[in-house]
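Please read the structure below before turning to the comments.
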Amino acid sequence: MKAAGLPGADLLWDGSGWNSAWAEADSATRFPLILPGRDWPDGIRRIYWRLLVFARERL
């Protein structure tokens, strides 16, 4: 992952889909720092995903 410019993490979301959700322990390292949980409403997950995709396209 470091060769791709990404930090090491136990959980990594590449933004490949808005309907991704995680239910892992809080002790897991993650990237991005906030990952959508299964308790997030679909609309909120979709908005969060769009924000991350927008940010990724601007880098």
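In the structure tokens, the first chain shown is A, the next is B, and so on; residue numbers restart at 1 for each chain, and ligands run from 1 in the order shown.
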Which polymer residues have any atom within 9 Å of an atom of Thr29 of chain A, counting only C-alpha atoms, with same-chain residues fewer than 5 positions away left out, as a PyMOL selection string?
chain A and resi 8-12
Selection to disk with N, CA and C atoms, as a PDB file, in the first residue's frame:
```pdb
ATOM      1  N   GLY A   8      -0.444   2.486   5.772  1.00  0.00           N
ATOM      2  CA  GLY A   8      -0.822   1.137   6.201  1.00  0.00           C
ATOM      3  C   GLY A   8      -2.053   1.199   7.093  1.00  0.00           C
ATOM      4  N   ALA A   9      -2.938   0.215   6.963  1.00  0.00           N
ATOM      5  CA  ALA A   9      -4.166   0.203   7.762  1.00  0.00           C
ATOM      6  C   ALA A   9      -4.726  -1.207   7.803  1.00  0.00           C
ATOM      7  N   ASP A  10      -5.450  -1.520   8.881  1.00  0.00           N
ATOM      8  CA  ASP A  10      -6.149  -2.803   8.964  1.00  0.00           C
ATOM      9  C   ASP A  10      -7.330  -2.828   7.996  1.00  0.00           C
ATOM     10  N   LEU A  11      -8.015  -1.685   7.884  1.00  0.00           N
ATOM     11  CA  LEU A  11      -9.164  -1.545   6.992  1.00  0.00           C
ATOM     12  C   LEU A  11      -8.882  -0.428   6.009  1.00  0.00           C
ATOM     13  N   LEU A  12      -9.078  -0.699   4.731  1.00  0.00           N
ATOM     14  CA  LEU A  12      -8.827   0.294   3.701  1.00  0.00           C
ATOM     15  C   LEU A  12     -10.008   0.354   2.753  1.00  0.00           C
TER      16      LEU A  12
END
```
Report as a short mmCIF file (atom, residue, chain, number, x, y, z; two decimals) with N, CA and C atoms, in the first residue's frame all protein, DNA and RNA residues lying within 12 Å of Ile34 of chain A, evaluated on only C-alpha atoms, omitting residues in the same chain fewer than 6 positions from it.
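The resulting file, result.cif, is reproduced below:
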```
data_model
loop_
_atom_site.label_atom_id
_atom_site.label_comp_id
_atom_site.auth_asym_id
_atom_site.auth_seq_id
_atom_site.Cartn_x
_atom_site.Cartn_y
_atom_site.Cartn_z
N LEU A 11 -8.02 -1.68 7.88
CA LEU A 11 -9.16 -1.54 6.99
C LEU A 11 -8.88 -0.43 6.01
N LEU A 12 -9.08 -0.70 4.73
CA LEU A 12 -8.83 0.29 3.70
C LEU A 12 -10.01 0.35 2.75
N TRP A 13 -10.59 1.54 2.63
CA TRP A 13 -11.69 1.73 1.69
C TRP A 13 -11.16 2.51 0.51
N ALA A 21 -19.79 -0.90 3.91
CA ALA A 21 -20.01 -0.61 5.33
C ALA A 21 -19.11 -1.52 6.16
N TRP A 22 -18.67 -1.02 7.30
CA TRP A 22 -17.80 -1.78 8.18
C TRP A 22 -18.39 -1.87 9.56
N ALA A 23 -18.11 -2.97 10.22
CA ALA A 23 -18.56 -3.18 11.60
C ALA A 23 -17.42 -3.80 12.40
N GLU A 24 -16.26 -3.20 12.32
CA GLU A 24 -15.08 -3.71 13.00
C GLU A 24 -14.87 -2.99 14.34
N ASP A 26 -13.26 -0.78 17.25
CA ASP A 26 -12.66 0.56 17.18
C ASP A 26 -11.15 0.54 17.23
N ALA A 28 -9.17 -1.13 15.34
CA ALA A 28 -8.58 -1.35 14.02
C ALA A 28 -8.16 -0.01 13.43
N TRP A 40 -25.34 3.49 9.24
CA TRP A 40 -25.48 4.74 8.49
C TRP A 40 -26.62 4.58 7.48
N ARG A 45 -24.41 7.47 3.53
CA ARG A 45 -23.27 6.74 2.94
C ARG A 45 -22.99 7.22 1.53
N TYR A 48 -21.33 10.67 1.68
CA TYR A 48 -19.94 10.53 2.15
C TYR A 48 -19.06 9.97 1.04
N TRP A 49 -19.56 8.96 0.34
CA TRP A 49 -18.81 8.37 -0.77
C TRP A 49 -18.54 9.43 -1.85
N LEU A 52 -15.72 11.70 -0.80
CA LEU A 52 -14.41 11.06 -0.91
C LEU A 52 -13.97 10.94 -2.36
#
```
Just give me the gap between atom CA of Arg38 of chain A and atom CA of Arg56 of chain A in Å, one decimal is fine.
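These atoms are spaced 23.1 Å apart.
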